[in-house]
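Peer 1: Structure: data.cif, mmCIF, C-alpha atoms.
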data_coords
#
loop_
_atom_site.label_atom_id
_atom_site.label_comp_id
_atom_site.auth_asym_id
_atom_site.auth_seq_id
_atom_site.Cartn_x
_atom_site.Cartn_y
_atom_site.Cartn_z
CA MET Y 8 113.88 33.74 186.84
CA MET Y 9 114.43 36.49 184.27
CA LYS Y 10 115.51 35.29 180.85
CA LYS Y 11 118.82 36.29 179.25
CA CYS Y 12 118.91 38.51 176.17
CA SER Y 13 119.82 35.43 174.16
CA ASP Y 14 116.39 33.95 174.93
CA LEU Y 15 114.32 36.96 173.84
CA SER Y 16 113.64 38.81 170.60
CA ILE Y 17 113.33 42.59 170.43
CA LEU Y 18 109.56 42.39 169.97
CA GLU Y 19 109.23 39.93 172.87
CA VAL Y 20 111.11 42.29 175.17
CA ALA Y 21 109.04 45.25 173.98
CA GLU Y 22 105.83 43.36 174.74
CA LEU Y 23 107.04 42.28 178.18
CA TYR Y 24 107.95 45.88 178.99
CA ARG Y 25 104.48 47.08 178.08
CA ARG Y 26 102.79 44.34 180.09
CA LYS Y 27 105.10 45.26 182.99
CA GLU Y 28 106.29 41.67 183.19
CA LEU Y 29 109.86 42.78 182.57
CA SER Y 30 111.65 45.96 183.59
CA PRO Y 31 114.36 47.74 181.56
CA VAL Y 32 116.29 47.97 184.82
CA GLU Y 33 116.15 44.18 185.21
CA LEU Y 34 117.17 43.50 181.64
CA VAL Y 35 120.03 45.98 181.59
CA ARG Y 36 121.29 44.68 184.93
CA SER Y 37 121.12 41.14 183.56
CA THR Y 38 122.96 42.27 180.43
CA PHE Y 39 125.91 43.61 182.43
CA GLU Y 40 125.93 40.51 184.62
CA ARG Y 41 126.24 38.47 181.44
CA LEU Y 42 129.00 40.75 180.16
CA LYS Y 43 131.00 40.38 183.37
CA GLU Y 44 130.45 36.62 183.30
CA VAL Y 45 131.74 35.95 179.78
CA ASP Y 46 133.59 38.89 178.25
CA SER Y 47 136.93 38.07 179.83
CA LYS Y 48 136.80 35.03 177.53
CA LEU Y 49 135.27 36.72 174.49
CA ASN Y 50 137.07 40.09 174.53
CA SER Y 51 134.12 41.62 172.67
CA PHE Y 52 134.05 45.09 174.27
CA ILE Y 53 136.53 47.96 174.27
CA THR Y 54 134.45 50.42 176.29
CA VAL Y 55 131.62 49.49 178.66
CA MET Y 56 129.01 52.16 179.50
CA GLU Y 57 127.41 50.60 182.57
CA SER Y 58 126.56 53.71 184.60
CA GLU Y 59 125.08 55.55 181.61
CA ALA Y 60 123.06 52.49 180.55
CA LYS Y 61 121.67 51.86 184.02
CA GLN Y 62 120.58 55.48 184.31
CA ALA Y 63 118.83 55.25 180.94
CA ALA Y 64 117.17 52.00 182.05
CA LYS Y 65 115.79 53.69 185.15
CA GLU Y 66 114.34 56.49 183.01
CA ALA Y 67 112.79 53.90 180.68
CA GLU Y 68 111.27 52.00 183.58
CA ASP Y 69 109.71 55.19 184.93
CA ALA Y 70 108.22 55.96 181.52
CA PHE Y 71 106.62 52.52 181.27
CA LEU Y 72 105.24 52.84 184.79
CA ARG Y 73 103.59 56.09 183.64
CA ASN Y 74 102.10 54.15 180.69
CA GLU Y 75 103.73 56.49 178.18
CA VAL Y 76 103.63 55.35 174.55
CA LYS Y 77 107.18 54.74 173.41
CA HIS Y 78 109.09 53.43 170.39
CA VAL Y 79 109.47 49.67 170.11
CA LEU Y 80 113.21 50.03 170.78
CA TYR Y 81 112.63 52.01 173.97
CA GLY Y 82 114.65 50.40 176.75
CA ILE Y 83 116.33 47.87 174.42
CA PRO Y 84 120.06 47.37 175.19
CA TYR Y 85 122.44 47.44 172.23
CA SER Y 86 126.09 48.13 171.33
CA VAL Y 87 128.03 49.76 168.50
CA LYS Y 88 131.30 48.92 166.80
CA ASP Y 89 134.02 51.19 168.11
CA LEU Y 90 134.32 53.25 164.92
CA TYR Y 91 130.97 54.98 165.49
CA TYR Y 92 131.57 58.41 166.99
CA THR Y 93 129.96 58.85 170.40
CA GLN Y 94 130.15 62.30 171.97
CA GLY Y 95 132.01 62.20 175.27
CA VAL Y 96 132.78 58.47 174.97
CA ARG Y 97 136.06 57.32 173.45
CA THR Y 98 136.15 55.94 169.91
CA THR Y 99 139.33 53.92 169.39
CA CYS Y 100 138.72 52.12 166.07
CA GLY Y 101 140.62 49.25 167.70
CA SER Y 102 143.80 51.26 167.25
CA LYS Y 103 146.62 52.63 169.37
CA ILE Y 104 146.59 55.90 167.43
CA LEU Y 105 143.04 56.74 168.57
CA LYS Y 106 143.26 55.01 171.93
CA GLY Y 107 142.32 58.16 173.83
CA TYR Y 108 140.17 59.89 171.20
CA ILE Y 109 136.91 61.30 172.53
CA PRO Y 110 134.65 62.74 169.77
CA ASP Y 111 132.63 65.90 170.25
CA THR Y 112 129.89 64.59 167.95
CA THR Y 113 127.73 61.46 167.74
CA ALA Y 114 127.08 59.45 164.59
CA PRO Y 115 123.53 60.18 163.31
CA LEU Y 116 122.62 56.48 163.41
CA VAL Y 117 123.49 56.33 167.10
CA SER Y 118 121.59 59.57 167.72
CA ARG Y 119 118.56 58.12 165.96
CA LEU Y 120 118.61 55.06 168.20
CA LYS Y 121 118.97 57.26 171.26
CA ASN Y 122 115.93 59.24 170.14
CA CYS Y 123 114.04 55.94 169.95
CA GLY Y 124 115.08 55.22 173.52
CA ALA Y 125 117.45 52.31 172.78
CA ILE Y 126 120.09 51.95 175.50
CA LEU Y 127 123.74 51.95 174.45
CA ILE Y 128 125.70 49.54 176.65
CA GLY Y 129 129.16 49.93 175.11
CA LYS Y 130 131.57 50.02 172.17
CA THR Y 131 132.65 46.69 170.67
CA ASN Y 132 136.07 45.36 169.74
CA MET Y 133 137.13 45.38 166.10
CA LEU Y 134 140.05 44.85 163.76
CA GLU Y 135 142.35 47.88 163.66
CA PHE Y 136 140.64 50.65 161.68
CA ALA Y 137 138.47 47.83 160.20
CA TYR Y 138 141.46 47.01 157.99
CA GLY Y 139 141.62 43.23 158.44
CA ILE Y 140 144.17 42.92 161.25
CA VAL Y 141 143.68 42.95 165.01
CA HIS Y 142 145.93 45.34 166.92
CA PRO Y 143 147.88 43.42 169.59
CA GLU Y 144 146.96 46.04 172.18
CA TYR Y 145 143.27 45.00 171.93
CA GLY Y 146 143.51 41.34 171.00
CA GLN Y 147 141.25 39.06 169.01
CA THR Y 148 137.56 38.64 169.79
CA ASN Y 149 136.86 34.96 170.39
CA ASN Y 150 133.91 32.96 169.12
CA PRO Y 151 131.23 32.14 171.72
CA TRP Y 152 130.62 28.74 170.10
CA ASP Y 153 134.29 27.76 170.34
CA LEU Y 154 136.70 30.03 172.19
CA THR Y 155 139.65 28.65 170.20
CA LYS Y 156 138.14 30.22 167.05
CA THR Y 157 137.83 33.84 165.97
CA ALA Y 158 134.55 35.73 166.01
CA GLY Y 159 135.57 37.21 162.66
CA GLY Y 160 136.13 40.74 161.51
CA SER Y 161 136.10 43.46 161.37
CA SER Y 162 132.82 43.69 163.37
CA GLY Y 163 133.76 40.69 165.52
CA GLY Y 164 132.95 42.27 168.87
CA SER Y 165 129.46 43.14 167.68
CA ALA Y 166 128.79 39.60 166.43
CA ALA Y 167 130.22 37.80 169.45
CA SER Y 168 128.42 39.99 171.99
CA VAL Y 169 125.02 39.57 170.32
CA ALA Y 170 125.52 35.81 169.95
CA ALA Y 171 126.48 35.59 173.64
CA GLY Y 172 123.42 37.52 174.80
CA ILE Y 173 125.17 40.79 175.69
CA GLY Y 174 122.60 43.16 174.22
CA LEU Y 175 119.89 42.49 171.66
CA PHE Y 176 121.57 44.02 168.61
CA SER Y 177 124.64 45.92 167.50
CA LEU Y 178 125.70 48.31 164.76
CA GLY Y 179 128.69 47.38 162.61
CA SER Y 180 130.30 48.30 159.32
CA ASP Y 181 131.00 46.28 156.19
CA THR Y 182 133.57 47.04 153.47
CA GLY Y 183 134.12 43.54 152.08
CA GLY Y 184 132.02 41.41 154.41
CA SER Y 185 132.82 42.82 157.85
CA ILE Y 186 129.24 42.46 159.13
CA ARG Y 187 128.26 39.28 157.31
CA ILE Y 188 131.45 37.28 157.92
CA PRO Y 189 131.47 37.57 161.75
CA ALA Y 190 127.68 37.11 161.81
CA SER Y 191 128.18 33.87 159.88
CA TYR Y 192 130.95 32.69 162.22
CA CYS Y 193 128.86 33.52 165.30
CA GLY Y 194 125.53 32.06 164.14
CA ILE Y 195 123.50 35.28 164.02
CA ALA Y 196 121.97 37.50 161.33
CA GLY Y 197 123.88 40.40 159.80
CA LEU Y 198 122.74 42.95 157.22
CA LYS Y 199 124.71 45.00 154.72
CA PRO Y 200 122.01 47.33 153.40
CA THR Y 201 121.94 48.95 149.98
CA TYR Y 202 124.88 51.32 149.59
CA GLY Y 203 123.87 54.73 150.87
CA LEU Y 204 120.67 53.63 152.61
CA LEU Y 205 122.27 54.14 156.03
CA SER Y 206 124.40 57.22 156.61
CA LEU Y 207 128.15 56.80 157.04
CA GLU Y 208 128.41 60.17 158.76
CA GLY Y 209 130.16 59.82 162.08
CA LEU Y 210 131.81 56.49 161.22
CA PHE Y 211 135.58 56.41 160.82
CA PRO Y 212 136.03 55.40 157.15
CA LEU Y 213 138.06 52.60 155.61
CA SER Y 214 137.13 52.90 151.93
CA PRO Y 215 134.25 55.32 151.30
CA SER Y 216 133.39 53.75 147.94
CA LEU Y 217 132.83 50.36 149.58
CA ASP Y 218 131.87 51.13 153.20
CA HIS Y 219 128.39 50.26 154.47
CA ALA Y 220 126.82 50.69 157.91
CA GLY Y 221 124.46 47.97 159.12
CA PRO Y 222 123.00 46.04 162.06
CA LEU Y 223 123.66 42.61 163.54
CA ALA Y 224 121.05 40.73 165.60
CA LYS Y 225 120.01 37.24 166.56
CA SER Y 226 117.49 36.98 163.73
CA SER Y 227 116.31 38.63 160.52
CA LYS Y 228 113.10 39.63 162.28
CA ASP Y 229 115.13 41.62 164.79
CA LEU Y 230 117.09 43.21 161.94
CA MET Y 231 113.78 44.32 160.42
CA VAL Y 232 112.82 46.08 163.66
CA VAL Y 233 116.16 47.89 163.80
CA MET Y 234 115.99 48.97 160.16
CA GLU Y 235 112.48 50.32 160.66
CA ALA Y 236 113.94 52.55 163.36
CA LEU Y 237 116.97 53.63 161.33
CA VAL Y 238 115.30 54.30 157.95
CA PRO Y 239 112.30 56.66 157.80
CA GLY Y 240 109.51 55.03 155.82
CA PHE Y 241 111.12 51.58 155.91
CA HIS Y 242 108.09 50.06 157.68
CA SER Y 243 105.86 51.06 154.76
CA ALA Y 244 108.09 49.68 152.01
CA LYS Y 245 106.42 47.18 149.71
CA ILE Y 246 107.16 43.51 150.39
CA PRO Y 247 106.72 41.11 147.45
CA LYS Y 248 104.56 38.05 148.00
CA ASN Y 249 106.29 34.78 148.81
CA GLU Y 250 104.69 33.12 145.78
CA ASN Y 251 106.65 32.29 142.64
CA VAL Y 252 109.94 33.55 144.05
CA ILE Y 253 112.93 32.75 141.86
CA ILE Y 254 116.27 32.21 143.58
CA GLY Y 255 119.48 32.66 141.62
CA VAL Y 256 122.36 30.34 142.48
CA LEU Y 257 125.93 30.20 141.25
CA PRO Y 258 127.16 27.42 138.94
CA ALA Y 259 128.54 24.40 140.78
CA ASP Y 260 132.16 25.21 139.92
CA LYS Y 261 131.91 28.56 141.77
CA VAL Y 262 131.14 26.78 145.06
CA SER Y 263 133.24 23.66 144.49
CA ASP Y 264 136.09 24.82 146.74
CA VAL Y 265 134.06 25.50 149.89
CA ASN Y 266 134.48 23.49 153.08
CA GLU Y 267 132.57 20.19 152.86
CA GLU Y 268 130.37 21.06 155.85
CA VAL Y 269 129.49 24.43 154.31
CA ALA Y 270 128.71 22.64 151.06
CA ARG Y 271 126.42 20.21 152.89
CA ILE Y 272 124.49 22.93 154.69
CA TYR Y 273 124.17 24.98 151.49
CA LYS Y 274 122.90 21.95 149.56
CA GLU Y 275 120.34 21.21 152.27
CA ALA Y 276 119.17 24.82 152.15
CA LEU Y 277 118.56 24.59 148.41
CA GLU Y 278 116.39 21.55 149.03
CA HIS Y 279 114.51 23.38 151.78
CA VAL Y 280 113.69 26.44 149.68
CA LYS Y 281 111.59 24.30 147.38
CA LYS Y 282 109.20 23.86 150.32
CA LEU Y 283 108.62 27.62 150.12
CA GLU Y 284 107.69 27.10 146.48
CA TRP Y 285 110.77 29.04 145.48
CA THR Y 286 112.24 28.15 142.09
CA VAL Y 287 116.01 27.73 141.85
CA HIS Y 288 117.66 29.12 138.72
CA GLU Y 289 121.38 29.09 137.87
CA ILE Y 290 122.87 32.50 137.16
CA GLU Y 291 126.22 33.96 136.13
CA LEU Y 292 127.90 36.92 137.81
CA LYS Y 293 130.35 38.40 135.35
CA TYR Y 294 132.61 40.05 137.94
CA PHE Y 295 132.52 37.28 140.57
CA ASP Y 296 136.03 35.98 139.89
CA ILE Y 297 137.71 39.39 139.93
CA THR Y 298 135.94 40.78 143.01
CA GLU Y 299 139.05 40.73 145.19
CA GLU Y 300 141.08 42.56 142.54
CA ILE Y 301 138.44 45.29 142.28
CA VAL Y 302 138.12 45.59 146.06
CA MET Y 303 141.86 45.92 146.63
CA ASN Y 304 142.32 48.40 143.77
CA VAL Y 305 139.73 50.64 145.41
CA LEU Y 306 140.41 49.98 149.08
CA LEU Y 307 144.21 50.32 149.13
CA PRO Y 308 144.45 53.89 147.79
CA GLU Y 309 141.32 55.14 149.57
CA ALA Y 310 142.50 53.80 152.92
CA ALA Y 311 145.99 55.21 152.33
CA SER Y 312 144.59 58.67 151.66
CA ILE Y 313 142.80 58.56 155.04
CA HIS Y 314 145.87 57.37 156.96
CA GLU Y 315 148.52 59.43 155.17
CA LYS Y 316 148.47 62.02 157.97
CA TRP Y 317 149.75 59.34 160.38
CA ILE Y 318 152.36 57.78 158.10
CA SER Y 319 155.15 58.86 160.50
CA ARG Y 320 153.56 56.86 163.35
CA LYS Y 321 154.52 53.43 162.03
CA GLU Y 322 155.21 51.90 165.45
CA GLU Y 323 151.65 52.58 166.62
CA TYR Y 324 150.06 50.45 163.89
CA ALA Y 325 149.89 46.69 163.74
CA PRO Y 326 152.68 45.79 161.27
CA LEU Y 327 150.42 44.39 158.55
CA THR Y 328 148.00 47.31 158.77
CA TYR Y 329 150.89 49.69 158.17
CA LYS Y 330 152.18 47.56 155.32
CA GLN Y 331 148.81 47.83 153.59
CA ILE Y 332 148.77 51.61 154.07
CA GLU Y 333 152.23 51.82 152.51
CA ALA Y 334 151.05 49.73 149.56
CA GLY Y 335 148.12 52.07 149.08
CA LEU Y 336 150.35 55.14 148.97
CA VAL Y 337 152.17 53.82 145.90
CA HIS Y 338 149.17 52.16 144.25
CA ARG Y 339 148.78 52.92 140.55
CA SER Y 340 146.20 55.62 139.92
CA LEU Y 341 145.19 53.95 136.66
CA ASP Y 342 144.30 50.75 138.53
CA TYR Y 343 142.18 52.78 140.94
CA LEU Y 344 140.35 54.59 138.15
CA LYS Y 345 139.78 51.34 136.28
CA ALA Y 346 138.36 49.74 139.43
CA LYS Y 347 136.05 52.70 140.02
CA ASN Y 348 134.63 52.16 136.54
CA GLU Y 349 134.26 48.46 137.31
CA LEU Y 350 132.12 49.34 140.34
CA VAL Y 351 129.58 50.81 137.93
CA SER Y 352 129.84 47.95 135.42
CA ALA Y 353 129.52 45.28 138.11
CA ARG Y 354 126.49 47.05 139.58
CA LYS Y 355 124.79 47.05 136.21
CA ASP Y 356 125.63 43.37 135.75
CA VAL Y 357 124.03 42.35 139.07
CA ASP Y 358 121.08 44.65 138.36
CA GLY Y 359 120.59 42.72 135.12
CA VAL Y 360 120.80 39.33 136.84
CA LEU Y 361 118.20 40.46 139.40
CA GLU Y 362 115.78 41.35 136.62
CA ASP Y 363 115.41 37.63 135.97
CA VAL Y 364 115.54 36.36 139.58
CA ASP Y 365 114.23 37.80 142.83
CA PHE Y 366 117.16 37.00 145.12
CA LEU Y 367 120.56 35.34 145.06
CA LEU Y 368 121.41 32.61 147.55
CA MET Y 369 124.92 31.37 148.34
CA PRO Y 370 127.17 30.55 151.28
CA THR Y 371 128.33 33.58 153.25
CA VAL Y 372 131.90 32.37 153.83
CA PRO Y 373 133.62 29.33 152.26
CA TYR Y 374 134.35 27.83 155.68
CA PRO Y 375 133.33 27.99 159.36
CA ALA Y 376 135.23 30.19 161.82
CA PRO Y 377 139.01 29.66 161.70
CA GLU Y 378 141.35 30.07 164.66
CA GLU Y 379 142.52 33.51 163.55
CA ASP Y 380 141.30 36.20 161.19
CA PRO Y 381 142.94 35.55 157.82
CA ALA Y 382 145.14 38.32 156.47
CA LEU Y 383 143.53 40.55 153.88
CA LYS Y 384 144.33 39.43 150.33
CA ASP Y 385 145.88 36.15 151.54
CA ASP Y 386 142.63 34.22 151.69
CA ASN Y 387 139.24 33.83 149.96
CA GLU Y 388 137.20 34.84 153.03
CA MET Y 389 135.44 37.56 150.98
CA LYS Y 390 134.71 35.20 148.07
CA PHE Y 391 130.93 35.51 148.40
CA THR Y 392 130.58 38.82 150.24
CA GLY Y 393 132.93 41.29 148.54
CA LEU Y 394 131.09 41.58 145.23
CA PHE Y 395 128.09 43.18 146.90
CA ASN Y 396 130.24 45.88 148.47
CA VAL Y 397 131.44 46.54 144.93
CA THR Y 398 127.90 46.71 143.54
CA GLY Y 399 126.11 48.14 146.58
CA HIS Y 400 123.30 45.55 146.56
CA PRO Y 401 121.74 44.62 149.90
CA ALA Y 402 122.94 41.33 151.36
CA ILE Y 403 121.99 39.49 154.53
CA THR Y 404 123.43 36.44 156.24
CA VAL Y 405 121.39 34.06 158.38
CA ASN Y 406 122.41 31.01 160.36
CA GLY Y 407 122.02 28.03 158.05
CA GLY Y 408 123.01 25.34 160.50
CA PHE Y 409 125.97 23.83 162.32
CA THR Y 410 128.96 21.70 161.40
CA LYS Y 411 129.66 18.39 163.08
CA ASN Y 412 132.03 20.33 165.33
CA LYS Y 413 129.13 22.61 166.33
CA LEU Y 414 130.28 25.72 164.50
CA PRO Y 415 127.67 27.92 162.78
CA VAL Y 416 127.52 28.29 158.99
CA GLY Y 417 125.93 31.33 157.37
CA LEU Y 418 123.84 31.55 154.21
CA GLN Y 419 123.70 34.82 152.26
CA LEU Y 420 120.70 36.28 150.46
CA VAL Y 421 121.19 39.20 148.05
CA GLY Y 422 118.38 41.44 146.81
CA ARG Y 423 117.69 44.29 144.44
CA ARG Y 424 119.02 47.71 145.37
CA PHE Y 425 116.73 49.63 147.72
CA GLU Y 426 114.44 46.61 148.07
CA ASP Y 427 116.06 45.71 151.37
CA LYS Y 428 112.79 45.08 153.19
CA GLY Y 429 111.65 42.39 150.77
CA MET Y 430 115.04 40.70 151.07
CA ILE Y 431 114.88 40.75 154.87
CA GLU Y 432 111.37 39.28 154.75
CA ALA Y 433 112.66 36.50 152.50
CA ALA Y 434 115.42 35.87 155.05
CA VAL Y 435 112.80 35.67 157.82
CA ASN Y 436 110.95 33.01 155.82
CA LEU Y 437 114.18 31.13 155.16
CA GLU Y 438 115.08 31.15 158.86
CA LYS Y 439 111.65 29.78 159.76
CA LEU Y 440 112.02 26.99 157.24
CA LEU Y 441 115.52 26.00 158.26
CA SER Y 442 114.45 26.00 161.92
CA LYS Y 443 118.05 26.52 162.90
CA SER Y 444 118.57 28.47 166.08
CA MET Y 445 121.21 28.92 168.73
CA LYS Y 446 118.98 27.11 171.24
CA GLY Y 447 119.76 23.68 169.81
CA ILE Y 448 123.50 23.79 170.52
CA GLN Y 449 125.08 25.21 173.64
CA LEU Y 450 127.36 28.21 173.51
CA ASN Y 451 130.86 27.73 174.90
CA VAL Y 452 130.47 30.66 177.32
#
Take the structure in this file and express it as structure tokens.
Peer 2:
Amino acid sequence: MMKKCSDLSILEVAELYRRKELSPVELVRSTFERLKEVDSKLNSFITVMESEAKQAAKEAEDAFLRNEVKHVLYGIPYSVKDLYYTQGVRTTCGSKILKGYIPDTTAPLVSRLKNCGAILIGKTNMLEFAYGIVHPEYGQTNNPWDLTKTAGGSSGGSAASVAAGIGLFSLGSDTGGSIRIPASYCGIAGLKPTYGLLSLEGLFPLSPSLDHAGPLAKSSKDLMVVMEALVPGFHSAKIPKNENVIIGVLPADKVSDVNEEVARIYKEALEHVKKLEWTVHEIELKYFDITEEIVMNVLLPEAASIHEKWISRKEEYAPLTYKQIEAGLVHRSLDYLKAKNELVSARKDVDGVLEDVDFLLMPTVPYPAPEEDPALKDDNEMKFTGLFNVTGHPAITVNGGFTKNKLPVGLQLVGRRFEDKGMIEAAVNLEKLLSKSMKGIQLNV
């Protein structure tokens, strides 16, 4: 019997294709069978591209039968968050305003994956315009580990679908944690690369100073494969040796308010890293406690400037989304300019910290998945993630383990700017050591 996507890595699928032990047609068919089986419970997709994907799978199968040499992603099914422009396929941004919008261009990242032969299966559900609130017309994406919990946001559809085995990876976006937070809640790996490493062209913006594009996948190793496809020369980047690695950790008081299960898993991880001969060193992040203030002072006016053209269409927005846009329109310009300067200062501060340590390690979110996505600015969900949108440093979350209630908990690694590959490799080593996978606990779908 053919395995589900959730049982296979990208490299395993690629090898099976080349040995002709698995067909792209079989895998894509299985992917849509899985989607039809579980997505009525998850609500992870807005647009499904079944006919297009099956046609692409047939072309891929024919190419393998002809023994043509193809990219490692050739025939691999994947999805994208529904703010990536896709020519001829609607891009809603999880909004009523763009419900019927069909772009005449495709985001370069999606075009690059198409050129590699990856097969786009659909566009995933998201919080409205990635702004922290789900639009009632689309509804919340539910968590595949516990359907009474949220998958997180704003890239929740991407995280839930990958975790549930609907495609092998997905592309999301991250302005304050929108890749890493849902990846943490759903027990998968999510990467926010260095700011600017991946093009934002063809993505509907939220806050251009903070927005990042990035992939989500079941593991860091899969993320590495995707990044090698998306970034020319990434495969040849230098990876530091695993010897004498120094890990920077926050003082105890900065993690004292996290959920007790998160605290337990984080503490166990710190014990585990010593087996990798990594040294743990306490560090201080000067701007850690004012991250939310900086984020909101930048995000509110930038988002308002993007949405100002639709200010008369109040009834089409979710109420809280519109309220945030209104707040941005009257936001003090001096606060915005001060925050823009703080982006530079905070970046320099983290650069300085990473001169003395190789990576930072901390929880990804202070708690496991809640029942609903917390309202922006009313919660500390971005406590550990937001700073690295401010500074632009690469950050990755991996599954650190499970709570007693069988909910995943993410751990976040942060690296030096433009040394993303070394950070991902460190995450691969950490995942191996923790030996935590989704195979040990059953999904709820």
Peer 1: I'd like the residues picked by the PyMOL selection byres ((chain Y and resi 226) around 8) written out as a list in words, using the chain letters and numbers from the file.
Peer 2: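 Taken over the shown coordinates, the PyMOL selection byres ((chain Y and resi 226) around 8) returns Ile195, Ala196, Ala224, Lys225, Ser227, Lys228, Asp229, Leu230, Val405, Val435 and Glu438 of chain Y.
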Peer 1: Which residues, named as in the file, does the PyMOL selection byres ((chain Y and resi 54) around 6) pick out? Answer as a PyMOL selection string.
Peer 2: chain Y and resi 52-53+55+129-130
Peer 1: Name the residues that the PyMOL selection byres ((chain Y and resi 169) around 9) picks from the file above, as a list in words, using the file's chain letters and numbers.
Peer 2: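 For this structure, the PyMOL selection byres ((chain Y and resi 169) around 9) resolves to Cys12, Ser13, Tyr85, Ser86, Gly164, Ser165, Ala166, Ala167, Ser168, Ala170, Ala171, Gly172, Ile173, Gly174, Leu175, Phe176, Ser177, Cys193, Ile195, Leu223, Ala224 and Lys225 of chain Y.
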Peer 1: List the residues sitting within 12 Å of (130.6, 16.9, 163.2) in the file's frame, using all atoms listed in the file, as a list in words.
Peer 2: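 Checked against the point, the hits come out as Glu267, Glu268, Val269, Arg271, Gly408, Phe409, Thr410, Lys411, Asn412, Lys413, Leu414 and Pro415 of chain Y.
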Peer 1: Can you write out the residues you just picked, keeping C-alpha atoms, as a PDB file, in the frame of the given file?
Peer 2:
ATOM      1  CA  GLU Y 267     132.570  20.190 152.860  1.00  0.00           C
ATOM      2  CA  GLU Y 268     130.370  21.060 155.850  1.00  0.00           C
ATOM      3  CA  VAL Y 269     129.490  24.430 154.310  1.00  0.00           C
ATOM      4  CA  ARG Y 271     126.420  20.210 152.890  1.00  0.00           C
ATOM      5  CA  GLY Y 408     123.010  25.340 160.500  1.00  0.00           C
ATOM      6  CA  PHE Y 409     125.970  23.830 162.320  1.00  0.00           C
ATOM      7  CA  THR Y 410     128.960  21.700 161.400  1.00  0.00           C
ATOM      8  CA  LYS Y 411     129.660  18.390 163.080  1.00  0.00           C
ATOM      9  CA  ASN Y 412     132.030  20.330 165.330  1.00  0.00           C
ATOM     10  CA  LYS Y 413     129.130  22.610 166.330  1.00  0.00           C
ATOM     11  CA  LEU Y 414     130.280  25.720 164.500  1.00  0.00           C
ATOM     12  CA  PRO Y 415     127.670  27.920 162.780  1.00  0.00           C
TER      13      PRO Y 415
END
Peer 1: Find the residues near Ile254 of chain Y: any atom within 8 Å, counting all atoms listed in the file, skip ones fewer than 6 places away on the same chain, and give them as number ranges by chain.
Peer 2: Y: 285-288, 364-368
Peer 1: Could you write out the selected residues, including C-alpha atoms, as a PDB file, in the frame of the given file?
Peer 2:
ATOM      1  CA  TRP Y 285     110.770  29.040 145.480  1.00  0.00           C
ATOM      2  CA  THR Y 286     112.240  28.150 142.090  1.00  0.00           C
ATOM      3  CA  VAL Y 287     116.010  27.730 141.850  1.00  0.00           C
ATOM      4  CA  HIS Y 288     117.660  29.120 138.720  1.00  0.00           C
ATOM      5  CA  VAL Y 364     115.540  36.360 139.580  1.00  0.00           C
ATOM      6  CA  ASP Y 365     114.230  37.800 142.830  1.00  0.00           C
ATOM      7  CA  PHE Y 366     117.160  37.000 145.120  1.00  0.00           C
ATOM      8  CA  LEU Y 367     120.560  35.340 145.060  1.00  0.00           C
ATOM      9  CA  LEU Y 368     121.410  32.610 147.550  1.00  0.00           C
TER      10      LEU Y 368
END
Peer 1: Enter the distance from atom CA of Val20 of chain Y to atom CA of Gly221 of chain Y, in Å, rounded to one decimal.
Peer 2: 21.6 Å
Peer 1: Need the shell around segment 346-349 of chain Y: protein/DNA/RNA residues with any atom at most 8 Å away, counting only C-alpha atoms. Skip same-chain ones fewer than 3 positions apart. Format as a list in words?
Peer 2: Ile301, Val302, Asn304, Val305, Asp342, Tyr343, Ser352 and Ala353 of chain Y
Peer 1: Would you pull segment 334-360 of chain Y out of the block just shown and save C-alpha atoms as an mmCIF file, in the first residue's frame?
Peer 2:
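part_2.cif written:
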data_model
loop_
_atom_site.group_PDB
_atom_site.id
_atom_site.type_symbol
_atom_site.label_atom_id
_atom_site.label_comp_id
_atom_site.auth_asym_id
_atom_site.auth_seq_id
_atom_site.Cartn_x
_atom_site.Cartn_y
_atom_site.Cartn_z
ATOM 1 C CA ALA Y 334 -5.761 52.813 14.292
ATOM 2 C CA GLY Y 335 -2.955 52.796 11.752
ATOM 3 C CA LEU Y 336 -4.424 55.732 9.838
ATOM 4 C CA VAL Y 337 -4.120 57.988 12.893
ATOM 5 C CA HIS Y 338 -0.874 56.522 14.234
ATOM 6 C CA ARG Y 339 1.725 59.109 15.236
ATOM 7 C CA SER Y 340 4.361 59.568 12.554
ATOM 8 C CA LEU Y 341 7.003 60.226 15.212
ATOM 9 C CA ASP Y 342 6.328 56.815 16.773
ATOM 10 C CA TYR Y 343 6.719 55.200 13.360
ATOM 11 C CA LEU Y 344 9.995 56.978 12.647
ATOM 12 C CA LYS Y 345 11.322 56.122 16.104
ATOM 13 C CA ALA Y 346 10.421 52.461 15.578
ATOM 14 C CA LYS Y 347 12.132 52.421 12.174
ATOM 15 C CA ASN Y 348 15.319 53.602 13.881
ATOM 16 C CA GLU Y 349 14.854 50.916 16.523
ATOM 17 C CA LEU Y 350 14.796 48.272 13.772
ATOM 18 C CA VAL Y 351 18.376 49.237 12.971
ATOM 19 C CA SER Y 352 19.460 49.456 16.623
ATOM 20 C CA ALA Y 353 17.884 46.113 17.515
ATOM 21 C CA ARG Y 354 19.542 44.468 14.505
ATOM 22 C CA LYS Y 355 22.924 45.721 15.630
ATOM 23 C CA ASP Y 356 22.244 44.493 19.167
ATOM 24 C CA VAL Y 357 21.431 40.938 18.020
ATOM 25 C CA ASP Y 358 24.383 41.029 15.619
ATOM 26 C CA GLY Y 359 26.577 41.811 18.627
ATOM 27 C CA VAL Y 360 25.100 38.992 20.718
#
